[in-house]
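Structure, as structure tokens:
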Amino acid sequence: MTATIALPLAILLPLVLGTAVAPLAARRARAAAVWTAAAVTAAAALILAAAAPPVLAGGAVQALWPWIPALGLNVALRLDGLGLLFAGLILAIGLLVILYAHYYLGSRDPAGKFFGLLMLFMAAMLGVVLADNLLLLVVFWELTSVASFLLIGYWSERAESRQGARMALAVTGAGGLALLAGVLLLGAAGGTFEISALAAARDRVQASPLFPVALALVLLGAFTKSAQFPFHFWLPEAMAAPTPVSAYLHSATMVKAGVFLLLRLYPVLGGNAPFEYAACTVGLVTMVFGAYVAIFRHDLKGLLAYSTISHLGLIVFLIGLDSPLSAVAAVFHVVNHATFKASLFMAAGIVDHECGTRDMRRINGLWRYMPYTATLAIVAAAAMAGVPLLNGFLSKEMFFAEALGMHHLGVLGAVAPYAATLGGAFGVAYSARFVHDVFFNGAPRGLPRTPHEPPRFMKVPVEILVVICIAVGVLPALTVGPVVDLAATAVLGGALPAHSLALWHGFNAPLALSMIATALGGALYWALARKYDLHLHAPSGWTARLLFTRALDGLFAASARLTSALDNGSLQRQLALLVTTAVGLGAVAFAAGGRLAGARALLPVTPLAAAAWLVLVAAALGVVRLHRTRLTAVILAGAIGLVSALGFAYFSAPDLALTQLAVEVVTTILLLLALAALPRTSPRESGPGRRARDLALAGLAGAGVAAIAFAAMTRERDSIAGYFLENAVPKGGGANVVNVILVDFRGFDTFGEITVLVIAALGVAALLTGMVTHRPATDPAGRPWSVQRVPLVFAAAVRWMLPFALLVSVYLFLRGHNAPGGGFIAALVVAAGIATVYMSEGFARTERAIALDYARVAALGVLVAAATGAGAIGFGRPFLASAHGHPALPPFGEVPLATAALFDLGVYLAVIGATLLMLVELARVPGRDAE
Amino acid sequence: MSASDLPILLPAYGEILLLVLASAILLVDLFLPERLRGLTHWLSLATLAACFVLTVQVVRATGGQAAYTFGGMFVADLMANVLKLVVYAAVAAVLVYSRRYLAERGMLRGEFFVLALFATLGMAVMISANHMLALYLGLELMSLCVYSMVALNRDSATSTEAAMKYFVLGALASGLLLYGMSMLYGATGTLDLTQMAQVIAVGQVNGVVLVFGLVFVVAGLSFKLGVVPFHMWIPDVYHGAPNAMTLFISTAPKLAAFAMAVRMLVNGLIDLAGDWQQMLVVMAVLSMALGNFAAIAQTNIKRMLAYSTISHMGFMLLGLLAGVVGGNRFSAPDAYSAAMFYTVVYVLMSLGSFGMVLALSRAGFEAEELDDYRGLNQRDPWLAFLMLLLMFALAGVPPTVGFYAKLAVIDAVIKAGQIWLAVVAVLLSLVGAFYYLRVVKLMYFDEPRDAGPIAPGRDVRWLLSANGLAMLVLGVMPGSLMALCLVAVQGLYPLAR
């Protein structure tokens, strides 16, 4: 099988087959799930073994599938010595854990979920160790975090599981994100994400200004994953996981991912002072700290967790050292630690299983109940302590040798031997405690169950691992030697220096240190157990965890404060923010260097203009001041409109002035009618502080707009007005430019507008139907409102006025195309006239007199306009194209006429209909007192 | 066949069809008896499907090249067509998700469908606008429909309040936008985006007026995108609107807003990139920070997702601001396509998450409190799994597609040399991951509080499954969608040279 297929297949098997089939199989029987998982694992191992021969010969095999080329993300897999070693660990220990879990899980634990997640995790881990693309590695890396989150939280009904799972995910997931950032920087520095290519471009990468940041971020990722101080606290919390999970994730795989990453990236990142100092310091501190804390744990798995932290520190320290032999030692210790720690976790699981507790203050003297398991555990613990003839001894020996040889690191180099010895002594002490407390030290105290030997096959995985510990310890060169060499060669990227993995190197300094550490550790435990009584020690090493939870609580509180400060749902505040930001942005843009006044000369201020301006300002201020008394405010607003109309007239735009005037009158009447449905005054809802703020904001925004208007108007600018002025007569056949624009140039717009107007009027009518207002029956003085009392003079005047209004309207309509006027204005004049009649004659009488259905009038108007437009199509012209001429119309003589006038008729009718419809419907709303 | 041989209106065929069919539905619905109301639903879906097919045909006919119509005001380039296809699909999904919800609350009336379709038309116009007025027209058509959709439940005080706020703020923002547009017109003498780019490129334009206009245009734009400091409406509107409307607002309009940003900033104003990129940096960082930090404390999932939207839009801005580096545009296609990919992916994620809220709701129960999600795994493991995928995608956890969206954007930012920005973005998405994972924790690790039935219709269940699994499938195979975004962006006028 070629590597191109074998490598992806080895990952896909557990990922797809394992994850999907194991839960399905578990529905039939638990054994089926176990067998599926085991078969998938074994198959993956066989596939990798089939691809391995070139690797064993010292080479590497690769597989490359394009995935997302746009991002530089390829499925680039590479199996070299290092990958082979880790993949072997993952699969071999995985197989043992599956067997162990079969007996460990209770009958009510969902087996499908367990094995499915385990397969997912295994696939992710294989992906991490086989990836040759950094982005791919990050993908699998995060997948291990997610899978471990779900595995740790497997017993979701337990609070400690949930807590542990969350913390593990928070820390390792965060580290993964840091790693992602670091990887992206590395890719930017090296121009590729392929690890082998990056290693080739090592000098360029390390010379890049991005390198220090990238290094820090990658180290952060590795340290969080491998539980290095001060990110170690998630690992003890994760002990809430089922023990098979701990045995797998927290000895051999998950926590080794960080170590693996450092080894894998050593050719890219390593060999410089920052890397060396960072890794060595953190590793050494972690090693001593973890070992020290481990002595005082009463929880069996807690002790093992801190021991793991300590050993991981040791490995990180070795990787950091810039020495070829230290790389060999690191790889070697990875294997050794995986074997003895996995067996210890399994043993701890058996103890937990049999005793129902993991508290070492209660489980004592188990030797009598389970001598066989005890023997296995004691051997493994001895390997952990570094007792000769066991694998732990060999790598620890190498560690001491390296710690003695780091003179180039200054103070760190001077401290290292002492720290290493101290750490070794602590290691012996906690191993001694583990053995002594659990298996000896009197009798058990109040155990929930009576312990005895576990099922036969539950012990098999432990046996196998312990045998490996011994075999490696006695004959290192014959057992793991070749694989370790292959892996170390892959890390160093070149030939290994001469060395030998052997039990006996003669009496030398490392051996002396080892003996000192053992003696010291034994004495320490003896002293602690006898003089101090370890069992009375109250655990207090929770500071990091406390900090973590405090930080989370603080985050929640800060978030709640932030939300309540920013987001109180007040529209006023939101508007204030929006306006402030806009004004601020404008000011910033303007501060970039702008001149307010343009080149255009200002017009002189005539007394008339000044007076009109003063009226305008006074009326505007009046509206703001008096807006609570609505009637006054509407009247004042009307005044503003009138002054604007005068302004248009003053600037020689009579057509605009007329339009404005007509609109103003009708809208004021409409508003006044609408006021009848509202209270007389609006309540005061804001305090003086807010009003001051609003005044300031309004002033600022107003000033800003005024400034921009000023800037715009003092500059010369081509306006589109010129075009219309020139073309109104030749193309539109009318001298009233406003009207020509309305009915001809922008006829389509007008057509849309009258349609909207009519729809709006119908909408108003529909809304008002059936509405009842709460009009008071009496005026504020307590007198009843008179039903109908129109001044006689007013009524008499109106009767005369209506015919005139209609006449004026027709006049305005007919002259509209050339002189100020037009359908729109004419319609408003009619509307205003009829509205006055309603006021003077009373609603009922007028309605009887003018029996018009305004909705129909409005609809007719729209139809006329549409028909005019469509008529043009009949003549082969586009919709609404106009024609004009000057037919003679006796007795008026020659009348300038355009088809636009017909369209204008449509506008006329539509506006009359719509306006009066609204007026009438508003007036029709009955007051409550009417019944 | 060259572009000149095509029918003049061909680029807008999709929109024209949508307009005609939506108007027809408006009329048909008037005369439908109450028991046949479901017909409107199916007609609307058919309309969207027809528009989808027609748009595909337009792409075929134009060969993916940019085609202009309405005197250059309307452009159908590949980006426009791709975004429109996503919009049609997203709106169709919204209709399917919300049918039962609306029916149970008496809101399944013709107004909803007609407003949704006209809003869709507005979005399509925005997406295809090559002229500021066309853009504004589309924007207002969409916004006005959406305002009324928020208020569709007239009897609900919170809904009407939300609609009122949305309308007032939206009107103000539109004002700012128009204001900026008129400034730009004053500076360049044109509203046509292509011409505007040419005028600015020549370099004889009053810089202050231009920047002034730019500032207000960006402000108006930011409001529609909902990024800080123009985000205030988002939490209130998302929370106050009926769930179905929240689903609508949070999905398709985001695509339109993205298109609007690209049209204005890239098509029209790319020569001012130095100025607007700085503004976007500030807004992106503020949005990611505020969105993520404020989301943590929310107890209502709609409000949480509202703040999450703010942060996601901020993240998307990172792609937009990484295009032009020191005046050269070599990396612009990568950066803008990353932003486009992010937006499309975000819309898919948002569809799924709010779709889930709708699927879990029932008469008298809105399923909008986070507590309602406790123990979902025990009540309905499949829906819980889908929600897990969606939350992982929102958090950016691999191998869901959310990860690649974030990756592409951050990659673009790093290529633009803004290292600190990339680091900030990564750190802030870490904060974001926190509250999404809290939902996962609630679903999987906690005991259920609510014991009511979970009975989404079969159509909803299928669609939701497809939507959730898309997170995974696209996560494994994001290549083609990314490539599509890249090709689409490369066809943009200023980048095609």
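Naming works like this for the structure tokens: A, B, ... for the chains as they're shown, residue 1 at the start of each chain, ligands 1 onward in shown order.
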With the cut-off set at 6 Å and counting only C-alpha atoms, tabulate each residue of chain A with an atom at most that distance from an atom of chain B, showing the nearest atom pair and its distance in Å to one decimal, ordered by chain and increasing number, as a Markdown table.
| residue | atom | partner | partner_atom | distance |
| --- | --- | --- | --- | --- |
| A:Ile68 | CA | B:Gly479 | CA | 4.6 |
| A:Val139 | CA | B:Pro398 | CA | 5.4 |
| A:Ser156 | CA | B:Phe445 | CA | 4.8 |
| A:Phe556 | CA | B:Ala297 | CA | 5.6 |
| A:Ser559 | CA | B:Ala294 | CA | 5.0 |
| A:Ala560 | CA | B:Ala297 | CA | 5.1 |
| A:Thr563 | CA | B:Ala294 | CA | 5.5 |
| A:Ala589 | CA | B:Phe212 | CA | 5.4 |
| A:Gly594 | CA | B:Val208 | CA | 6.0 |
Any chance you could export the current selection's C-alpha atoms as an mmCIF file, in the first residue's frame?
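Resulting contents of part.cif:
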data_model
loop_
_atom_site.group_PDB
_atom_site.id
_atom_site.type_symbol
_atom_site.label_atom_id
_atom_site.label_comp_id
_atom_site.auth_asym_id
_atom_site.auth_seq_id
_atom_site.Cartn_x
_atom_site.Cartn_y
_atom_site.Cartn_z
ATOM 1 C CA ILE A 68 -7.926 24.247 0.537
ATOM 2 C CA VAL A 139 -7.056 21.494 13.142
ATOM 3 C CA SER A 156 -21.943 14.633 32.838
ATOM 4 C CA PHE A 556 -19.108 37.486 34.072
ATOM 5 C CA SER A 559 -19.664 41.636 31.208
ATOM 6 C CA ALA A 560 -22.844 42.223 33.169
ATOM 7 C CA THR A 563 -24.018 45.431 29.306
ATOM 8 C CA ALA A 589 -12.768 64.671 8.952
ATOM 9 C CA GLY A 594 -10.865 72.260 5.581
#
Residues near Val40 of chain A, cut-off 8 Å, only C-alpha atoms, skip fewer than 4 positions along chain, as a VMD selection string
chain A and resid 13 to 14 17 to 18 36 44
Writing out the chosen residues with C-alpha atoms as an mmCIF file, in the first residue's frame:
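Wrote it out as again-v5.cif, contents follow:
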data_model
loop_
_atom_site.group_PDB
_atom_site.id
_atom_site.type_symbol
_atom_site.label_atom_id
_atom_site.label_comp_id
_atom_site.auth_asym_id
_atom_site.auth_seq_id
_atom_site.Cartn_x
_atom_site.Cartn_y
_atom_site.Cartn_z
ATOM 1 C CA LEU A 13 -10.377 4.584 9.944
ATOM 2 C CA PRO A 14 -10.835 5.629 13.570
ATOM 3 C CA LEU A 17 -15.441 4.051 10.994
ATOM 4 C CA GLY A 18 -14.594 4.096 14.678
ATOM 5 C CA THR A 36 -15.117 -2.554 16.832
ATOM 6 C CA ALA A 44 -4.810 1.440 11.753
#
Query raised in the report: Which neighbours of segment 99-111 of chain B fall inside 9 Å, counting only C-alpha atoms, when residues of the same chain fewer than 5 positions from it are skipped, and could you give them as a list in words?
Result: Ile25, Leu26, Asp29, Leu30, Glu34, Arg37, Gly38, Thr40, His41, Val94, Ala116, Met149, Leu152, Asn153, Pro242, Asn243, Ala244, Leu358, Ala359, Ser361, Arg362, Ala363, Gly364, Pro456 and Gly457 of chain B
Between A:Ala181, A:Leu919, A:Ala200, A:Ile90, smallest distance to Gly493 of chain A by only C-alpha atoms belongs to A:Ala200
To test your reading of the structure, identify every residue in segment 36-163 of chain B that backbone DSSP assigns to strand (DSSP E or B), and report it as a PyMOL selection string. chain B and resi 67-69+74-76+129+131
*Give the alpha helix (DSSP H) residues of segment 481-712 of chain A, as DSSP finds them on the backbone, and put them as a VMD selection string.*
chain A and resid 481 to 492 509 to 527 543 to 566 571 to 591 607 to 625 630 to 650 654 to 675 688 to 712
Point-to-point distance in Å for atom CA of Val440 of chain B and atom CA of Gly375 of chain B =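 For atom CA of Gly375 of chain B relative to atom CA of Val440 of chain B, the distance reads 9.6 Å.
When only C-alpha atoms are used to compute distances to Val171 of chain A, the closest of the residues A:Trp613, A:Trp155, A:Phe548, A:Tyr100 turns out to be A:Phe548.
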Set the distance at 9 Å and use only C-alpha atoms: which residues neighbour segment 422-436 of chain A once local chain neighbours fewer than 4 positions away are removed? I'd like the list as a tab-separated table (two decimals) with N, CA and C atoms, in the first residue's frame.
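Output contents, as saved in around-v5.tsv:
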chain	number	residue	atom	x	y	z
A	284	LEU	N	11.97	23.20	34.02
A	284	LEU	CA	12.58	22.94	35.33
A	284	LEU	C	11.64	23.32	36.46
A	287	MET	N	8.87	20.91	36.69
A	287	MET	CA	9.28	19.61	37.19
A	287	MET	C	9.36	19.61	38.72
A	288	VAL	N	10.02	20.61	39.26
A	288	VAL	CA	10.18	20.66	40.71
A	288	VAL	C	8.85	20.92	41.38
A	289	PHE	N	8.11	21.89	40.85
A	289	PHE	CA	6.84	22.27	41.45
A	289	PHE	C	5.87	21.09	41.45
A	290	GLY	N	5.74	20.44	40.29
A	290	GLY	CA	4.80	19.33	40.19
A	290	GLY	C	5.14	18.21	41.15
A	291	ALA	N	6.43	17.90	41.22
A	291	ALA	CA	6.84	16.82	42.10
A	291	ALA	C	6.58	17.17	43.55
A	292	TYR	N	6.81	18.43	43.90
A	292	TYR	CA	6.61	18.85	45.29
A	292	TYR	C	5.13	18.73	45.65
A	293	VAL	N	4.27	19.28	44.79
A	293	VAL	CA	2.84	19.26	45.10
A	293	VAL	C	2.33	17.83	45.17
A	294	ALA	N	2.88	16.96	44.30
A	294	ALA	CA	2.38	15.59	44.23
A	294	ALA	C	2.48	14.89	45.58
A	295	ILE	N	3.51	15.23	46.36
A	295	ILE	CA	3.69	14.56	47.66
A	295	ILE	C	2.47	14.76	48.56
A	296	PHE	N	1.85	15.92	48.40
A	296	PHE	CA	0.81	16.29	49.37
A	296	PHE	C	-0.60	16.00	48.90
A	297	ARG	N	-0.73	15.39	47.74
A	297	ARG	CA	-2.09	15.06	47.29
A	297	ARG	C	-2.59	13.83	48.02
A	300	LEU	N	-5.55	9.74	44.90
A	300	LEU	CA	-4.63	8.87	44.18
A	300	LEU	C	-4.33	9.41	42.79
A	303	LEU	N	-2.35	12.70	42.77
A	303	LEU	CA	-0.91	12.50	42.91
A	303	LEU	C	-0.30	12.17	41.55
A	304	LEU	N	-0.96	11.25	40.84
A	304	LEU	CA	-0.44	10.87	39.52
A	304	LEU	C	-0.46	12.06	38.57
A	307	SER	N	2.37	14.24	39.33
A	307	SER	CA	3.57	13.54	38.88
A	307	SER	C	3.72	13.69	37.37
A	310	SER	N	5.05	16.99	36.55
A	310	SER	CA	6.47	17.05	36.83
A	310	SER	C	7.28	16.39	35.71
A	360	MET	N	-6.25	8.50	49.61
A	360	MET	CA	-5.17	7.69	50.17
A	360	MET	C	-5.14	7.72	51.68
A	364	ASN	N	-5.63	2.01	52.69
A	364	ASN	CA	-4.31	1.59	53.15
A	364	ASN	C	-4.29	0.06	53.18
A	365	GLY	N	-3.08	-0.45	53.14
A	365	GLY	CA	-2.92	-1.90	53.36
A	365	GLY	C	-3.60	-2.78	52.35
A	374	ALA	N	-1.00	-5.18	43.43
A	374	ALA	CA	-0.06	-4.38	44.21
A	374	ALA	C	1.35	-4.55	43.66
A	377	ALA	N	1.71	-2.54	40.53
A	377	ALA	CA	1.73	-1.10	40.80
A	377	ALA	C	3.06	-0.70	41.43
A	378	ILE	N	3.56	-1.56	42.27
A	378	ILE	CA	4.82	-1.20	42.95
A	378	ILE	C	5.95	-1.14	41.94
A	381	ALA	N	5.53	2.03	40.02
A	381	ALA	CA	5.88	3.19	40.84
A	381	ALA	C	7.38	3.30	40.99
A	382	ALA	N	8.04	2.14	41.07
A	382	ALA	CA	9.50	2.17	41.17
A	382	ALA	C	10.09	2.75	39.89
A	384	MET	N	8.65	4.92	38.07
A	384	MET	CA	8.38	6.36	38.17
A	384	MET	C	9.42	7.04	39.05
A	385	ALA	N	9.82	6.37	40.13
A	385	ALA	CA	10.79	6.97	41.04
A	385	ALA	C	12.19	6.94	40.45
A	386	GLY	N	12.43	6.07	39.47
A	386	GLY	CA	13.75	5.99	38.89
A	386	GLY	C	14.63	4.95	39.56
A	387	VAL	N	14.05	3.83	39.89
A	387	VAL	CA	14.81	2.75	40.51
A	387	VAL	C	15.53	1.97	39.42
A	396	LYS	N	16.04	9.05	33.51
A	396	LYS	CA	16.34	10.01	34.55
A	396	LYS	C	17.85	10.21	34.66
A	417	PRO	N	21.49	21.55	38.15
A	417	PRO	CA	21.77	20.28	38.83
A	417	PRO	C	21.07	20.17	40.18
A	418	TYR	N	21.06	21.28	40.93
A	418	TYR	CA	20.41	21.24	42.25
A	418	TYR	C	18.92	21.02	42.09
A	440	PHE	N	0.42	-0.49	51.98
A	440	PHE	CA	0.85	-0.86	53.34
A	440	PHE	C	0.22	0.12	54.32
A	441	ASN	N	0.98	0.58	55.33
A	441	ASN	CA	0.53	1.60	56.25
A	441	ASN	C	-0.79	1.22	56.93
A	513	LEU	N	24.27	11.68	41.46
A	513	LEU	CA	23.09	12.51	41.68
A	513	LEU	C	21.86	11.64	41.89
A	514	SER	N	21.79	10.59	41.10
A	514	SER	CA	20.65	9.71	41.19
A	514	SER	C	20.57	9.08	42.58
A	516	ILE	N	21.93	10.26	45.33
A	516	ILE	CA	21.60	11.31	46.31
A	516	ILE	C	20.09	11.55	46.30
A	517	ALA	N	19.53	11.69	45.10
A	517	ALA	CA	18.11	11.99	44.99
A	517	ALA	C	17.28	10.89	45.64
A	518	THR	N	17.67	9.63	45.39
A	518	THR	CA	16.90	8.52	45.96
A	518	THR	C	16.96	8.55	47.47
A	519	ALA	N	18.16	8.74	47.97
A	519	ALA	CA	18.31	8.76	49.42
A	519	ALA	C	17.54	9.91	50.03
A	520	LEU	N	17.70	11.07	49.42
A	520	LEU	CA	17.03	12.27	49.91
A	520	LEU	C	15.52	12.08	49.90
A	521	GLY	N	15.03	11.54	48.79
A	521	GLY	CA	13.59	11.36	48.65
A	521	GLY	C	13.07	10.39	49.68
A	522	GLY	N	13.79	9.29	49.89
A	522	GLY	CA	13.35	8.33	50.89
A	522	GLY	C	13.30	8.96	52.27
A	523	ALA	N	14.36	9.70	52.60
A	523	ALA	CA	14.42	10.35	53.90
A	523	ALA	C	13.29	11.35	54.05
A	524	LEU	N	13.03	12.08	52.98
A	524	LEU	CA	11.99	13.11	53.02
A	524	LEU	C	10.64	12.47	53.33
A	525	TYR	N	10.34	11.37	52.63
A	525	TYR	CA	9.05	10.76	52.85
A	525	TYR	C	8.94	10.24	54.27
A	526	TRP	N	10.03	9.61	54.71
A	526	TRP	CA	10.03	9.07	56.07
A	526	TRP	C	9.77	10.19	57.08
A	529	ALA	N	6.14	11.48	56.79
A	529	ALA	CA	5.13	10.55	57.27
A	529	ALA	C	5.19	10.41	58.78
_What's around Asn377 of chain B at 8 Å? Count only C-alpha atoms, leave out sequence neighbours fewer than 5 positions away in its own chain, and write the answer as an MDAnalysis selection string._
chainID B and resid 382:385 443:444
- Message: I'd like the contact shell of segment 820-836 of chain A - 8 Å cut-off, only C-alpha atoms, skipping same-chain residues fewer than 5 positions apart - returned as a PyMOL selection string.
- Response: chain A and resi 654-655+658-659+662-663+665-666+736+739+798+801-802+805-806+808-810+812-815+904-905+907-909+911-912+915-916+919
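We find atom CA of Leu95 of chain A and atom CA of Val21 of chain A to be spaced 16.7 Å apart.
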